[in-house]
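Visitor: Once you've had a glance at the structure underneath, I'll fire off some questions.
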Amino acid sequence: MPKLEITIPFNFQPRDYQLPFLKAFDSGKKRLIQVWHRRTGKDKTDLNLTIREMTRVVGAYYYFFPTYNQGKKILWDGIDKDGFRYIHHFPNELIEGQVNNSEMKIKFKNGSLFQVIGTDNIDSVVGTNPRGCVFSEYSLQNPRAWSLIRPILAENGGWAVFNFTPRGKNHAYKLLKMAEQDPKNWFHETLTADDTKILSPEILEQEQREMRAQYGDDSLFLQEFYCSFTAAILGAYYSTQYDEAEKRGRFTHVFWEPDIPVHTVWDLGISDAMVVGFWQGVNQERRLIDYVEVTGKGLPEVIKMVKEKPYVYGRHFAPHDIEVRELGTGKSRKEIAQTLGIDFEVVPNLPVIEGISLVRSFFQKLWVDKTRCEQFLEAIPQYTKEYDEDNKIFKDKPNHDWTSHAADMLRYTAVVSDELGSQQASSSPSTHNDIYSAI
């Protein structure tokens, strides 16, 4: 029987503008960033690179999207403009057994494994040992995902690719700026529509007209086709208030006042993240001095973390679902917390939109410690309305993603703001002292 020959990449021919990225990878770069405009074939390029590496080095290879559903829609069920399915870039002759559609997993006969994963479930890969990872639409992903994967790849010499179009100066922007300062270890490339010239002036003009008509300005067009990091994030609830607070210097070093009680406000999760905000009420200011966000831990574990901090606590607030009784024990989490030394008060159950309106006013009182609450400050400006893909409009309700937990905690805080006290402080919130360094 003649020997079977398969060409890898399979049914893929890179375009000229994609070659610098591929050559950088082949030269030994293991951290690569693609800020490429819409329609440049980011995922097709990265998928074929991943498939090639699966044939070269046996290992696990993960393709991350912001959510499981996005991964399924964009890549697993995705079809290019020529009607070719993305997963058909995997040659059938190399696949062992059946493709696992429910887990979006493909195994090669040489032992390599490929899987599409949503970083809304990033804990599912904790403890694994991937050799290569692609973070697709990284600007929309929970930055915690890279924090978990980075030490694994550092230890085993694995590689990571980040592709995205901008969504403001968020964690993806910061990663790009860091890469620019480290050319020895990082490759980065920004390609606008003027750089690739793959879209005609007529198509670009049509895209601009349609986006302007739909959204009222050129923000999305500049973001998607000209890779603008300064264009407004469409559908963001608090962009105006956040920008104003930042300009006024209220995201700074906000130290702990030991003579003033610390109040906690919680957003509870079961499989999702659980969030605790640590607040001090000083005159008319509401100071977020500390922030904890954890995933995969139960209420007793988080209460233990809270009690181990050095604060003298005042009141503890949680949403109304803390009173729901669990089927297994017949007890509510409020009752369980009481046995562990925390007596929760229930936040009034206002409609979400009403609470969002309160938050916008609450920003006038808000001070946030920029170091201890970095994750909170990453999430809040990216908290957006849900987008209706079918009707091409934003719905009047929040999108549930990695930003939701921080935003919900902030909303609960705005509702109970008057309950957090108005103590006198010894100094302004931006004054740094030794106490700050100690916590």
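In the structure tokens, chains take the letters A, B, ... in the order shown, each chain's residues start at 1, and ligands count up from 1 in the order shown.
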Can you pull out every residue within 7 Å of Val294 in chain A, counting only C-alpha atoms, but drop anything in the same chain fewer than 5 positions away, and send it as a PyMOL selection string?

Guide: chain A and resi 273-275

Visitor: Which residues come within 10 Å of range 214-229 of chain A, counting only C-alpha atoms, excluding same-chain residues fewer than 6 positions away, as a ChimeraX atom specification?

Guide: /A:35-40,164-170,172-173,190-195,199,204-205,207-208,235,392-394

Visitor: Give me a file of those residues, with C-alpha atoms, as a short mmCIF file (atom, residue, chain, number, x, y, z; two decimals), in the first residue's frame.

Guide:
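Heads up, here's the output in out-v6.cif:
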```
data_model
loop_
_atom_site.label_atom_id
_atom_site.label_comp_id
_atom_site.auth_asym_id
_atom_site.auth_seq_id
_atom_site.Cartn_x
_atom_site.Cartn_y
_atom_site.Cartn_z
CA VAL A 35 -4.00 43.09 16.92
CA TRP A 36 -5.42 42.55 13.46
CA HIS A 37 -8.48 44.27 12.07
CA ARG A 38 -11.71 42.48 11.34
CA ARG A 39 -11.72 39.97 8.45
CA THR A 40 -7.97 39.29 8.51
CA PHE A 164 -7.97 40.58 19.41
CA THR A 165 -9.35 43.87 18.26
CA PRO A 166 -9.30 46.61 20.92
CA ARG A 167 -11.93 47.14 23.60
CA GLY A 168 -10.52 50.25 25.23
CA LYS A 169 -7.32 50.38 27.25
CA ASN A 170 -8.04 47.22 29.18
CA ALA A 172 -5.30 43.36 26.39
CA TYR A 173 -3.94 46.87 25.85
CA THR A 190 -0.98 45.71 14.78
CA LEU A 191 -2.56 45.62 11.35
CA THR A 192 -5.22 48.13 10.31
CA ALA A 193 -7.27 48.11 7.11
CA ASP A 194 -4.71 50.49 5.62
CA ASP A 195 -1.91 48.02 6.36
CA LEU A 199 -10.75 45.44 1.81
CA LEU A 204 -14.78 50.07 4.05
CA GLU A 205 -17.08 52.99 3.25
CA GLU A 207 -19.00 49.23 6.74
CA GLN A 208 -18.52 52.74 8.10
CA GLY A 235 -22.85 49.46 25.32
CA LYS A 392 -28.26 44.18 15.80
CA ILE A 393 -29.22 46.20 18.88
CA PHE A 394 -28.21 46.39 22.55
#
```

Visitor: Where in range 133-271 of chain A does DSSP assign alpha helix (DSSP H), given as a compact mmCIF listing (two decimals) with N, CA, C and O atoms, in the first residue's frame?

Guide:
```
# COMPACT_ATOMS: atom_id res chain seq x y z
N ARG A 144 -8.00 36.73 34.23
CA ARG A 144 -7.59 35.68 35.17
C ARG A 144 -7.16 34.42 34.42
O ARG A 144 -6.32 33.64 34.91
N ALA A 145 -7.70 34.21 33.20
CA ALA A 145 -7.38 33.00 32.45
C ALA A 145 -5.88 32.93 32.15
O ALA A 145 -5.25 31.90 32.35
N TRP A 146 -5.31 34.02 31.66
CA TRP A 146 -3.88 34.03 31.35
C TRP A 146 -3.06 33.91 32.63
O TRP A 146 -2.00 33.27 32.65
N SER A 147 -3.54 34.49 33.72
CA SER A 147 -2.82 34.37 35.00
C SER A 147 -2.69 32.91 35.43
O SER A 147 -1.68 32.52 36.02
N LEU A 148 -3.72 32.10 35.12
CA LEU A 148 -3.68 30.69 35.49
C LEU A 148 -2.82 29.86 34.54
O LEU A 148 -2.14 28.92 34.96
N ILE A 149 -2.86 30.21 33.25
CA ILE A 149 -2.15 29.42 32.25
C ILE A 149 -0.67 29.78 32.18
O ILE A 149 0.19 28.93 31.91
N ARG A 150 -0.34 31.04 32.43
CA ARG A 150 1.03 31.53 32.25
C ARG A 150 2.08 30.70 32.99
O ARG A 150 3.09 30.31 32.37
N PRO A 151 1.92 30.40 34.28
CA PRO A 151 2.98 29.64 34.96
C PRO A 151 3.15 28.23 34.40
O PRO A 151 4.26 27.67 34.44
N ILE A 152 2.07 27.64 33.86
CA ILE A 152 2.18 26.29 33.28
C ILE A 152 3.07 26.33 32.05
O ILE A 152 3.98 25.51 31.88
N LEU A 153 2.81 27.32 31.17
CA LEU A 153 3.60 27.42 29.94
C LEU A 153 5.03 27.84 30.23
O LEU A 153 5.96 27.43 29.53
N ALA A 154 5.21 28.64 31.27
CA ALA A 154 6.57 29.05 31.64
C ALA A 154 7.39 27.84 32.08
O ALA A 154 8.59 27.73 31.80
N GLU A 155 6.73 26.90 32.75
CA GLU A 155 7.44 25.73 33.26
C GLU A 155 7.75 24.72 32.17
O GLU A 155 8.84 24.12 32.14
N ASN A 156 6.79 24.52 31.24
CA ASN A 156 7.00 23.47 30.24
C ASN A 156 7.50 24.00 28.90
O ASN A 156 7.64 23.22 27.94
N HIS A 171 -7.05 45.09 29.84
CA HIS A 171 -5.94 44.16 30.08
C HIS A 171 -5.23 43.76 28.78
O HIS A 171 -4.02 43.52 28.81
N ALA A 172 -5.95 43.70 27.66
CA ALA A 172 -5.30 43.36 26.39
C ALA A 172 -4.36 44.48 25.96
O ALA A 172 -3.26 44.22 25.46
N TYR A 173 -4.79 45.71 26.16
CA TYR A 173 -3.94 46.87 25.85
C TYR A 173 -2.67 46.84 26.71
O TYR A 173 -1.56 47.07 26.22
N LYS A 174 -2.84 46.54 27.99
CA LYS A 174 -1.70 46.48 28.90
C LYS A 174 -0.73 45.36 28.49
O LYS A 174 0.49 45.53 28.59
N LEU A 175 -1.29 44.24 28.04
CA LEU A 175 -0.43 43.15 27.59
C LEU A 175 0.37 43.58 26.36
O LEU A 175 1.56 43.29 26.24
N LEU A 176 -0.28 44.30 25.45
CA LEU A 176 0.41 44.80 24.26
C LEU A 176 1.53 45.76 24.65
O LEU A 176 2.64 45.68 24.11
N LYS A 177 1.24 46.68 25.57
CA LYS A 177 2.28 47.64 25.99
C LYS A 177 3.46 46.92 26.64
O LYS A 177 4.62 47.30 26.45
N MET A 178 3.17 45.88 27.40
CA MET A 178 4.24 45.10 28.01
C MET A 178 5.07 44.40 26.95
O MET A 178 6.30 44.37 27.01
N ALA A 179 4.40 43.84 25.93
CA ALA A 179 5.10 43.16 24.85
C ALA A 179 6.01 44.11 24.08
O ALA A 179 7.11 43.73 23.66
N GLU A 180 5.57 45.35 23.92
CA GLU A 180 6.38 46.34 23.22
C GLU A 180 7.69 46.62 23.95
O GLU A 180 8.69 46.98 23.33
N ALA A 193 -6.80 48.31 8.49
CA ALA A 193 -7.27 48.11 7.11
C ALA A 193 -6.34 48.77 6.11
O ALA A 193 -6.22 48.30 4.97
N ASP A 194 -5.67 49.84 6.52
CA ASP A 194 -4.71 50.49 5.62
C ASP A 194 -3.44 49.67 5.44
O ASP A 194 -2.76 49.78 4.42
N ASP A 195 -3.12 48.84 6.44
CA ASP A 195 -1.91 48.02 6.36
C ASP A 195 -2.09 46.81 5.44
O ASP A 195 -1.21 46.49 4.65
N THR A 196 -3.22 46.13 5.57
CA THR A 196 -3.41 44.90 4.79
C THR A 196 -3.96 45.17 3.40
O THR A 196 -3.66 44.42 2.46
N PRO A 201 -11.79 50.28 -0.79
CA PRO A 201 -12.35 51.51 -0.22
C PRO A 201 -13.87 51.48 -0.20
O PRO A 201 -14.49 52.00 0.72
N GLU A 202 -14.48 50.85 -1.20
CA GLU A 202 -15.95 50.79 -1.26
C GLU A 202 -16.51 49.95 -0.11
O GLU A 202 -17.52 50.33 0.51
N ILE A 203 -15.86 48.82 0.18
CA ILE A 203 -16.34 47.97 1.29
C ILE A 203 -16.16 48.69 2.62
O ILE A 203 -17.05 48.66 3.48
N LEU A 204 -15.02 49.35 2.80
CA LEU A 204 -14.78 50.07 4.05
C LEU A 204 -15.80 51.19 4.24
O LEU A 204 -16.32 51.41 5.34
N GLU A 205 -16.09 51.91 3.17
CA GLU A 205 -17.08 52.99 3.25
C GLU A 205 -18.46 52.43 3.60
O GLU A 205 -19.20 53.03 4.39
N GLN A 206 -18.80 51.28 3.03
CA GLN A 206 -20.08 50.66 3.35
C GLN A 206 -20.14 50.25 4.82
O GLN A 206 -21.15 50.47 5.50
N GLU A 207 -19.06 49.63 5.33
CA GLU A 207 -19.00 49.23 6.74
C GLU A 207 -19.14 50.44 7.65
O GLU A 207 -19.86 50.42 8.65
N GLN A 208 -18.46 51.53 7.29
CA GLN A 208 -18.52 52.74 8.10
C GLN A 208 -19.93 53.32 8.13
O GLN A 208 -20.44 53.72 9.19
N ARG A 209 -20.57 53.36 6.98
CA ARG A 209 -21.94 53.90 6.91
C ARG A 209 -22.89 53.07 7.76
O ARG A 209 -23.71 53.60 8.52
N GLU A 210 -22.79 51.74 7.62
CA GLU A 210 -23.71 50.87 8.35
C GLU A 210 -23.49 50.95 9.86
O GLU A 210 -24.46 50.99 10.63
N MET A 211 -22.23 50.98 10.28
CA MET A 211 -21.94 51.05 11.71
C MET A 211 -22.34 52.41 12.29
O MET A 211 -22.85 52.49 13.41
N ARG A 212 -22.13 53.46 11.54
CA ARG A 212 -22.50 54.79 12.00
C ARG A 212 -24.02 54.90 12.13
O ARG A 212 -24.54 55.47 13.10
N ALA A 213 -24.74 54.35 11.16
CA ALA A 213 -26.20 54.39 11.21
C ALA A 213 -26.74 53.59 12.39
O ALA A 213 -27.72 53.96 13.03
N GLN A 214 -26.06 52.48 12.68
CA GLN A 214 -26.53 51.60 13.74
C GLN A 214 -26.21 52.12 15.14
O GLN A 214 -27.02 52.02 16.05
N TYR A 215 -24.99 52.69 15.30
CA TYR A 215 -24.53 53.06 16.64
C TYR A 215 -24.40 54.56 16.87
O TYR A 215 -24.12 54.99 17.98
N SER A 219 -17.27 54.83 16.46
CA SER A 219 -16.48 54.13 17.48
C SER A 219 -16.20 52.69 17.08
O SER A 219 -15.05 52.23 17.11
N LEU A 220 -17.24 51.95 16.73
CA LEU A 220 -17.05 50.54 16.41
C LEU A 220 -16.22 50.38 15.13
O LEU A 220 -15.36 49.49 15.05
N PHE A 221 -16.45 51.22 14.15
CA PHE A 221 -15.69 51.15 12.90
C PHE A 221 -14.20 51.37 13.17
O PHE A 221 -13.35 50.61 12.69
N LEU A 222 -13.86 52.38 13.95
CA LEU A 222 -12.46 52.66 14.26
C LEU A 222 -11.84 51.54 15.09
O LEU A 222 -10.66 51.21 14.92
N GLN A 223 -12.62 50.97 15.95
CA GLN A 223 -12.14 49.89 16.80
C GLN A 223 -11.87 48.63 15.97
O GLN A 223 -10.82 48.00 16.12
N GLU A 224 -12.80 48.26 15.10
CA GLU A 224 -12.72 47.00 14.39
C GLU A 224 -11.82 47.03 13.16
O GLU A 224 -11.20 46.02 12.83
N PHE A 225 -11.75 48.17 12.49
CA PHE A 225 -10.99 48.22 11.24
C PHE A 225 -9.70 49.04 11.34
O PHE A 225 -8.82 48.91 10.50
N TYR A 226 -9.61 49.89 12.38
CA TYR A 226 -8.39 50.70 12.54
C TYR A 226 -7.76 50.51 13.92
O TYR A 226 -6.89 51.28 14.32
N SER A 239 -19.00 54.01 31.37
CA SER A 239 -17.79 54.57 30.76
C SER A 239 -17.59 56.04 31.11
O SER A 239 -16.48 56.47 31.46
N THR A 240 -18.65 56.84 31.05
CA THR A 240 -18.53 58.27 31.34
C THR A 240 -18.13 58.50 32.79
O THR A 240 -17.22 59.28 33.10
N GLN A 241 -18.82 57.82 33.71
CA GLN A 241 -18.56 57.99 35.14
C GLN A 241 -17.16 57.47 35.50
O GLN A 241 -16.46 58.08 36.31
N TYR A 242 -16.78 56.34 34.92
CA TYR A 242 -15.46 55.77 35.20
C TYR A 242 -14.36 56.70 34.73
O TYR A 242 -13.40 56.97 35.46
N ASP A 243 -14.49 57.21 33.52
CA ASP A 243 -13.46 58.10 32.97
C ASP A 243 -13.33 59.36 33.82
O ASP A 243 -12.21 59.85 34.06
N GLU A 244 -14.45 59.89 34.28
CA GLU A 244 -14.41 61.11 35.09
C GLU A 244 -13.72 60.84 36.44
O GLU A 244 -12.90 61.64 36.89
N ALA A 245 -14.06 59.73 37.06
CA ALA A 245 -13.42 59.38 38.34
C ALA A 245 -11.92 59.17 38.16
O ALA A 245 -11.11 59.59 39.00
N GLU A 246 -11.54 58.54 37.05
CA GLU A 246 -10.11 58.32 36.79
C GLU A 246 -9.38 59.63 36.57
O GLU A 246 -8.28 59.85 37.09
N LYS A 247 -9.99 60.54 35.84
CA LYS A 247 -9.37 61.85 35.59
C LYS A 247 -9.19 62.64 36.89
O LYS A 247 -8.23 63.39 37.04
```

Visitor: Which residues are near Leu32 in chain A? Cut-off 9 Å, only C-alpha atoms, ignore same chain within fewer than 5 positions. Put them as a list in words.

Guide: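 Returned residues: Phe21, Ala24, Phe25, Trp159, Ala160, Val161, Phe162, Asn163, Ala179, Asn185, Trp186, Phe187, His188 and Glu189 of chain A.
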
Visitor: When you draw a straight line from CA of Met54 in chain A to CA of Ser112 in chain A, how long is it in Å?

Guide: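 Computing the Euclidean distance for CA of Met54 in chain A and CA of Ser112 in chain A yields 5.7 Å.
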
Visitor: With a cut-off of 10 Å, could you pull out the residues of range 243-332 of chain A touching range 395-409 of chain A and give me the nearest pair of atoms for each, distance in Å to one decimal, using only C-alpha atoms, ordered by chain and ascending number, as JSON lines?

Guide:
```
{"residue": "A:Thr264", "atom": "CA", "partner": "A:Met409", "partner_atom": "CA", "distance": 9.8}
{"residue": "A:Val265", "atom": "CA", "partner": "A:Met409", "partner_atom": "CA", "distance": 6.4}
{"residue": "A:Trp266", "atom": "CA", "partner": "A:Met409", "partner_atom": "CA", "distance": 5.9}
{"residue": "A:Asp267", "atom": "CA", "partner": "A:Met409", "partner_atom": "CA", "distance": 5.2}
{"residue": "A:Leu268", "atom": "CA", "partner": "A:His405", "partner_atom": "CA", "distance": 8.2}
{"residue": "A:Gly269", "atom": "CA", "partner": "A:His405", "partner_atom": "CA", "distance": 8.5}
{"residue": "A:Asp272", "atom": "CA", "partner": "A:His405", "partner_atom": "CA", "distance": 8.6}
{"residue": "A:Ala273", "atom": "CA", "partner": "A:His405", "partner_atom": "CA", "distance": 6.9}
{"residue": "A:Met274", "atom": "CA", "partner": "A:His405", "partner_atom": "CA", "distance": 7.2}
{"residue": "A:Val275", "atom": "CA", "partner": "A:His405", "partner_atom": "CA", "distance": 6.3}
{"residue": "A:Val276", "atom": "CA", "partner": "A:Met409", "partner_atom": "CA", "distance": 7.4}
{"residue": "A:Gly277", "atom": "CA", "partner": "A:Met409", "partner_atom": "CA", "distance": 7.0}
{"residue": "A:Tyr291", "atom": "CA", "partner": "A:Ala406", "partner_atom": "CA", "distance": 9.1}
{"residue": "A:Val292", "atom": "CA", "partner": "A:Ala406", "partner_atom": "CA", "distance": 9.6}
{"residue": "A:Glu293", "atom": "CA", "partner": "A:Ala406", "partner_atom": "CA", "distance": 8.2}
{"residue": "A:Phe317", "atom": "CA", "partner": "A:Met409", "partner_atom": "CA", "distance": 9.7}
{"residue": "A:Ala318", "atom": "CA", "partner": "A:Met409", "partner_atom": "CA", "distance": 8.6}
{"residue": "A:Pro319", "atom": "CA", "partner": "A:Met409", "partner_atom": "CA", "distance": 8.9}
```

Visitor: When you count only C-alpha atoms, which of these residues is closest to Val254 in chain A: A:Met104, A:Leu288, A:Ile122, A:Leu350?

Guide: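 The shortest atom-to-atom distance to Val254 in chain A comes from A:Leu288.
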
Visitor: Determine, counting only C-alpha atoms, which protein, DNA and RNA residues have an atom within 7 Å of an atom of Gln280 in chain A; residues of the same chain fewer than 6 positions away are not included. Present the result as a list in words.

Guide: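 Neighbouring residues, sequence-local ones excluded: Ile260, Pro261, Val262, His263, Arg286, Arg287, Leu288 and Leu420 of chain A.
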
Visitor: Could you please take those selected residues and save C-alpha atoms as a compact mmCIF listing (two decimals), in the first residue's frame?

Guide:
```
# COMPACT_ATOMS: atom_id res chain seq x y z
CA ILE A 260 -12.92 53.10 61.10
CA PRO A 261 -14.96 49.89 60.67
CA VAL A 262 -14.67 47.97 57.41
CA HIS A 263 -17.94 46.86 55.85
CA ARG A 286 -17.08 55.45 49.94
CA ARG A 287 -13.64 53.87 49.80
CA LEU A 288 -13.06 50.42 48.31
CA LEU A 420 -21.89 52.29 55.35
```

Visitor: One decimal, Å: what's the distance from CA of Ala60 in chain A over to CA of Val126 in chain A, could you say?

Guide: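 Taking CA of Ala60 in chain A as the start and CA of Val126 in chain A as the end point, the length is 12.9 Å.
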
Visitor: Pull the strand (DSSP E or B) assignments for range 82-294 of chain A out of DSSP run on the backbone, and list those residues as a VMD selection string.

Guide: chain A and resid 85 95 100 105 to 108 113 to 118 130 to 136 159 to 163 186 to 191 236 251 to 252 262 to 267 273 to 282 285 to 294
